[in-house]
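*Asks:* Below is the structure I would like to discuss, written out as structure tokens.
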Amino acid sequence: MSSTRREFLIKSAQGVALAATGGLVWAYLLKQQANAAAFAIRPPGARVADDFNTKCIKCGQCVRACPFDTLKLAHTGDAVPIGTPYFVPRDIPCYMCEDIPCMNACPTGALDPGLADIADARMGQAVIDIENCLSWQGLRCEICHRECPLTDKAITVEHNPRRISKHAMFVPLVHSDACTGCGICEKACPTDEAAIRVVQPELVRGRIGEHYRLGWKNDAGITEDFDPGRPEAAPPAAPTGLDYLNEGGL
Amino acid sequence: MTDTGPPRLGPNGRPVRHFVMPGSLGGRLRVWRFIIYRRLVQVGLLVLFFGTAHWGWNVFGRPLLQGNLSASEVLGIIPMADPFAVLQITLGGVVLNPEVWLGAAIVLGAYGLIGGRTWCAWVCPINMVTDGAAWLRRRLGVSDIFHVSRNLRYSVLVLSLVLSVLMGVAAFEWISPIAILHRELLYGIGMGWVAVLGILLFDLLVLRHGWCGHLCPLGAFYALVGRVALVRVAFDTPTCTHCGDCARVCPEPQVLNLRQASEAGMIASGECTNCGRCITVCPEDTLAFALRPRIDAPAGGTNHRQVHT
């Protein structure tokens with residue numbers, strides 16, 4: 001009796017150990033796959049990475065719906081989760097069809113059907129390598145600006161006067177509030193390696209921090225309050241030592 | 001069987017007869033007919049998907065069969081989706097479009113009627129790989145390294161659902177060699193052939209029918225679905241001589257439990273893939289495809305099966 005119970009316990013423990021080992025290896029594979037998304041530029045309407053990774057059923061219907069053959073389905077072994085759609089803007093960018101056929105082909109909603117205007121798509125974010133941008137070196141290029149489907153919204157050209165004896169520069173600037181990440185600029189860039197590239201915004205975008213107050217951008221004037229809506233806090237006790245600089249005394 | 005001694009008698013009193021492969025081409029084609037039909041269906045579906053994707057096949061301007069086995073659309077109207085993938089994705093913690101739910105329901109309903117694992121034998125592209133491995137294994141006389149329970153696949157099934165909840169992604173769908181092979185056949189070959197080769201070698205050298213018969217959680221899922229199925233392999237008890245040829249050729253021989261088959265008048269297990277190989281190798285024509293409502297279970301396993309045709 002006790003030997004069968006012992007056997008049962010051992011068998012159970014073995015089963016649990018097998019499942020746990022298999023589960024851990026499997027989970028590790030999945031985690032690695034999910035993290036492989038860092039550089040993938042997704043089709044328009046793609047949800048945030050976690051949601052997209054869960055929802056995408058890898059059927060490739062978006063790939064076939066794209067009239068420009070922009071989208072690819074990640075092969076096993078690519079640095080993009082297996083079977084999910086992505087595109088390489090330097091090869092074929094997104095030409096921003098108004099009817100967004102890829103999004104409409106998606107059966108699961110991994111490409112959010114709520115995207116009504118392709119100009120609201122945020123596939124990525126164009127960034128300029130100013131050390132290799134022809135315009136930033138003083139040549140007249142501005143090809144990205146002219147090719148951009150949202151010219152003067154997503155990319156503007158700023159006039160940048162230089163010192164005497166050197167001519168002015170006309171430099172392109174990307175505006176993240178309008179850039180869709182379509183990558184047409186990257187495709188058009190004439191340098192050997194594109195000097196303007198589409199990347200995932202979180203890879204390059206900074207965040208100022210809420211405690212900075214840009215007074216020159218705020219017509220309402222500089223407030224001492226961090227949050228004007230909040231009731232006035234009692235004035236702090238007399239600051240001690242050097243710390244008074246941090247207490248808003250100036 | 002040796003020629004010496006009296007012939008062994010089956011339980012029906014008739015001498016046990018073994019299957020002999022017919023010499024003529026027509027006879028061989030007849031024995032192989034279900035294999036041929038299955039390959040036609042498997043390859044035909046692939047061609048339909050491929051033709052729609054790459055050659056723009058359409059009917060009245062509507063794409064014929066768009067997508068792949070994970071999710072697809074027939075004529076741009078009827079959605080279809082892999083119910084197991086949809087289940088995993090949902091357990092991953094998102095709400096899917098109604099379209100894909102309808103697609104999963106359609107597929108689930110279809111396989112609930114024709115037998116869940118009909119998918120395995122008649123549609124799944126990996127089946128051609130594992131059948132190839134089994135054929136090679138017979139030719140080369142490879143023996144198993146170890147034995148594991150065929151119920152292991154249900155553990156893998158549970159594990160894939162648990163992992164889907166924990167990891168927030170469809171656990172099996174993300175590593176499924178079935179999806180990988182089918183996708184890469186349609187959208188270009190990547191490193192997926194490594195996974196396919198792995199399955200071939202595993203089935204060939206490690207474990208007989210290792211992938212489909214022991215591990216695949218999708219097969220386990222469809223085995224559960226197929227328990228209620230209407231299309232069945234009917235079993236005509238009195239003609240059976242218990243020669244065992246059906247079990248020798250069956251990729252899931254545990255379903256050919258002849259006592260249970262006599263009682264039910266058919267192969268009732270959900271694990272039967274409806275591949276039809278047992279039907280063509282039976283020297284007595286004891287087995288045949290039939291619809292469940294038309295199969296009358298013989299009382300006590302002695303009466304004749306009545307298949308109304």
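For the structure tokens, the naming scheme is as follows: chains receive sequential letters (A, B, ...) according to their order of presentation, residues are indexed from 1 within each chain, and ligands are indexed from 1 in presentation order.
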Please tabulate, as CSV, the residues of chain A that come within 7 Å of chain B, each with its closest pair of atoms and the distance in Å to one decimal, counting only C-alpha atoms and ordering rows by chain, then residue number upward.
*Replies:*
residue,atom,partner,partner_atom,distance
A:Gly23,CA,B:Leu159,CA,6.8
A:Ala27,CA,B:Leu163,CA,6.8
A:Leu30,CA,B:Ala171,CA,7.0
A:Asn53,CA,B:Val169,CA,6.5
A:Thr54,CA,B:Val169,CA,4.5
A:Lys55,CA,B:Ile89,CA,6.2
A:Ile57,CA,B:Ser70,CA,6.4
A:Lys58,CA,B:Ser70,CA,6.9
A:Cys59,CA,B:Gly67,CA,5.2
A:Gly60,CA,B:Gly67,CA,5.8
A:Gln61,CA,B:Gly67,CA,5.0
A:Arg64,CA,B:Ala53,CA,6.3
A:His75,CA,B:Gly190,CA,4.8
A:Thr76,CA,B:Met191,CA,4.9
A:Gly77,CA,B:Met191,CA,5.5
A:Ile82,CA,B:Trp174,CA,6.8
A:Pro107,CA,B:Val100,CA,5.7
A:Thr108,CA,B:Asn97,CA,5.2
A:Gly109,CA,B:Asn97,CA,5.8
*Asks:* When you look at Thr118 (chain B) with a cut-off of 9 Å (counting only C-alpha atoms), what residues show up, excluding the ones that are within fewer than 2 positions of it in the same chain? I need them as a list of chain:residue names.
*Replies:*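 Listing them by chain and then by number gives B:Tyr111, B:Ile114, B:Gly115, B:Gly116, B:Cys120, B:Ala121, B:Trp122, B:Val123, B:Tyr222, B:Gly226, B:Cys272, B:Thr273, B:Asn274, B:Cys275.
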*Asks:* Can you write just those residues out, N, CA, C and O atoms, as a short mmCIF file (atom, residue, chain, number, x, y, z; two decimals), in the first residue's frame?
*Replies:*
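Just written: result21.cif:
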data_model
loop_
_atom_site.label_atom_id
_atom_site.label_comp_id
_atom_site.auth_asym_id
_atom_site.auth_seq_id
_atom_site.Cartn_x
_atom_site.Cartn_y
_atom_site.Cartn_z
N TYR B 111 -15.60 20.43 -38.14
CA TYR B 111 -14.86 19.27 -37.67
C TYR B 111 -15.63 18.51 -36.60
O TYR B 111 -15.36 17.33 -36.37
N ILE B 114 -17.51 16.18 -39.15
CA ILE B 114 -16.80 15.18 -39.96
C ILE B 114 -15.67 14.50 -39.20
O ILE B 114 -14.95 13.67 -39.75
N GLY B 115 -15.50 14.83 -37.91
CA GLY B 115 -14.45 14.17 -37.14
C GLY B 115 -13.29 15.12 -36.94
O GLY B 115 -12.67 15.55 -37.90
N GLY B 116 -13.01 15.45 -35.67
CA GLY B 116 -12.01 16.47 -35.37
C GLY B 116 -10.68 16.22 -36.05
O GLY B 116 -10.12 17.09 -36.70
N CYS B 120 -6.32 16.48 -39.08
CA CYS B 120 -4.95 15.98 -39.01
C CYS B 120 -4.58 15.21 -40.27
O CYS B 120 -3.52 15.38 -40.85
N ALA B 121 -5.46 14.29 -40.68
CA ALA B 121 -5.11 13.38 -41.76
C ALA B 121 -5.35 13.98 -43.14
O ALA B 121 -4.68 13.62 -44.10
N TRP B 122 -6.31 14.90 -43.24
CA TRP B 122 -6.72 15.36 -44.56
C TRP B 122 -6.28 16.78 -44.89
O TRP B 122 -6.33 17.19 -46.05
N VAL B 123 -5.91 17.59 -43.90
CA VAL B 123 -5.58 18.99 -44.15
C VAL B 123 -4.17 19.35 -43.72
O VAL B 123 -3.41 19.97 -44.47
N TYR B 222 -8.34 18.66 -31.38
CA TYR B 222 -9.31 18.13 -32.34
C TYR B 222 -9.80 16.74 -31.94
O TYR B 222 -10.91 16.34 -32.31
N GLY B 226 -13.60 15.84 -31.82
CA GLY B 226 -14.09 14.79 -32.69
C GLY B 226 -14.88 13.69 -32.01
O GLY B 226 -15.34 12.76 -32.67
N CYS B 272 -9.19 8.91 -33.55
CA CYS B 272 -9.14 8.38 -34.92
C CYS B 272 -9.07 9.55 -35.89
O CYS B 272 -9.84 10.50 -35.80
N THR B 273 -8.12 9.47 -36.83
CA THR B 273 -7.93 10.60 -37.75
C THR B 273 -8.74 10.45 -39.04
O THR B 273 -8.60 11.27 -39.94
N ASN B 274 -9.53 9.41 -39.15
CA ASN B 274 -10.31 9.17 -40.38
C ASN B 274 -9.42 9.10 -41.62
O ASN B 274 -9.80 9.58 -42.68
N CYS B 275 -8.20 8.55 -41.45
CA CYS B 275 -7.30 8.50 -42.60
C CYS B 275 -7.71 7.40 -43.56
O CYS B 275 -7.35 7.43 -44.74
#
*Asks:* Using only C-alpha atoms, find the one residue out of A:Ala46, A:Ala38, A:Ala105, A:Val16 that sits nearest to Pro63 (chain B).
*Replies:*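 Closest candidate: A:Ala105.
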*Asks:* To one decimal place, how far is CA of Glu147 (chain A) from CA of His167 (chain A) in Å?
*Replies:*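 Between CA of Glu147 (chain A) and CA of His167 (chain A) the gap works out to 24.5 Å.
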*Asks:* Give me the residues within 9 Å of Leu48 (chain B) as a list of chain:residue names, counting only C-alpha atoms and dropping any in the same chain fewer than 6 places off.
*Replies:*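 Residues near the query, excluding close chain neighbours: B:Trp57, B:Leu64, B:Leu65, B:Gln66.
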*Asks:* Hey, can you spit out that residue selection with C-alpha atoms as an mmCIF file, in the first residue's frame?
*Replies:*
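Okay, this is what ended up in again_0.cif:
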data_model
loop_
_atom_site.group_PDB
_atom_site.id
_atom_site.type_symbol
_atom_site.label_atom_id
_atom_site.label_comp_id
_atom_site.auth_asym_id
_atom_site.auth_seq_id
_atom_site.Cartn_x
_atom_site.Cartn_y
_atom_site.Cartn_z
ATOM 1 C CA TRP B 57 -7.252 33.472 -58.261
ATOM 2 C CA LEU B 64 -10.979 32.413 -53.679
ATOM 3 C CA LEU B 65 -9.249 31.402 -50.453
ATOM 4 C CA GLN B 66 -7.353 34.157 -48.715
#
*Asks:* Just the strand (DSSP E) stuff from region 43-147 of chain A, please, per backbone DSSP, written as a list in words.
*Replies:* Lys72, Leu73, Pro85, Tyr86, Gln125, Ala126, Val127 and Ile128 of chain A
*Asks:* Which residues, written as a ChimeraX atom specification, have at least one atom at most 12 Å from Cys182 (chain A), with only C-alpha atoms counted and residues fewer than 4 positions away on the same chain left out?
*Replies:* /A:41-45,70-71,86-97,118-126,144,147-150,154,178,186-188,196-200
*Asks:* Could you please write out, as a VMD selection string, every residue of region 6-224 of chain A that DSSP assigns to helix (DSSP H, G or I)?
*Replies:* chain A and resid 6 to 39 49 to 55 61 to 65 101 to 105 118 to 120 135 to 137 143 to 147 184 to 188 201 to 204 215 to 217
*Asks:* Could you pull the residues within 9 Å of Asn132 (chain A), counting only C-alpha atoms, minus those fewer than 5 positions along the same chain, as JSON, numbers by chain?
*Replies:* {"A": [137, 191, 193, 194, 195, 196]}
*Asks:* Which residue is closest to Val127 (chain A)? Choose from A:Lys11, A:His211, A:Lys166, A:Arg205 and count only C-alpha atoms.
*Replies:* A:Arg205
*Asks:* Set the distance at 9 Å and use only C-alpha atoms: which residues neighbour Leu139 (chain A) once local chain neighbours fewer than 5 positions away are removed? I'd like the list as a list in words.
*Replies:*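 Once the adjacent positions are removed, what remains is Cys133, Leu134, Met169 and Phe170 of chain A.
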*Asks:* Which residues are close to Cys250 (chain B), i.e. within 8 Å by only C-alpha atoms, leaving aside same-chain residues fewer than 3 positions away? Reply as a PDB file with N, CA and C atoms, in the first residue's frame.
*Replies:*
ATOM      1  N   CYS B 246      -5.231  -4.045 -39.591  1.00  0.00           N
ATOM      2  CA  CYS B 246      -5.653  -2.643 -39.443  1.00  0.00           C
ATOM      3  C   CYS B 246      -4.799  -1.945 -38.399  1.00  0.00           C
ATOM      4  N   ALA B 247      -4.556  -2.622 -37.268  1.00  0.00           N
ATOM      5  CA  ALA B 247      -3.784  -2.002 -36.192  1.00  0.00           C
ATOM      6  C   ALA B 247      -2.337  -1.775 -36.611  1.00  0.00           C
ATOM      7  N   PRO B 253      -3.062   3.270 -33.311  1.00  0.00           N
ATOM      8  CA  PRO B 253      -3.630   1.923 -33.185  1.00  0.00           C
ATOM      9  C   PRO B 253      -4.486   1.728 -31.936  1.00  0.00           C
ATOM     10  N   ARG B 277      -6.819   4.262 -43.744  1.00  0.00           N
ATOM     11  CA  ARG B 277      -5.862   3.233 -44.123  1.00  0.00           C
ATOM     12  C   ARG B 277      -6.327   1.843 -43.698  1.00  0.00           C
ATOM     13  N   CYS B 278      -6.953   1.756 -42.511  1.00  0.00           N
ATOM     14  CA  CYS B 278      -7.418   0.455 -42.025  1.00  0.00           C
ATOM     15  C   CYS B 278      -8.473  -0.122 -42.973  1.00  0.00           C
TER      16      CYS B 278
END
*Asks:* Which residue is closest to Ile145 (chain B)? Choose from B:Val74, B:Met266, B:Leu205, B:Leu224 and count only C-alpha atoms.
*Replies:*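 Checking each of B:Val74, B:Met266, B:Leu205, B:Leu224 against Ile145 (chain B), counting only C-alpha atoms, the winner is B:Leu205.
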*Asks:* Interatomic distance between CA of Asp78 (chain A) and CA of Gly51 (chain B)?
*Replies:* 25.4 Å
*Asks:* One number please: CA of Leu287 (chain B) to CA of Leu9 (chain B), in Å, one decimal.
*Replies:*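 Between CA of Leu287 (chain B) and CA of Leu9 (chain B) the gap is 19.4 Å.
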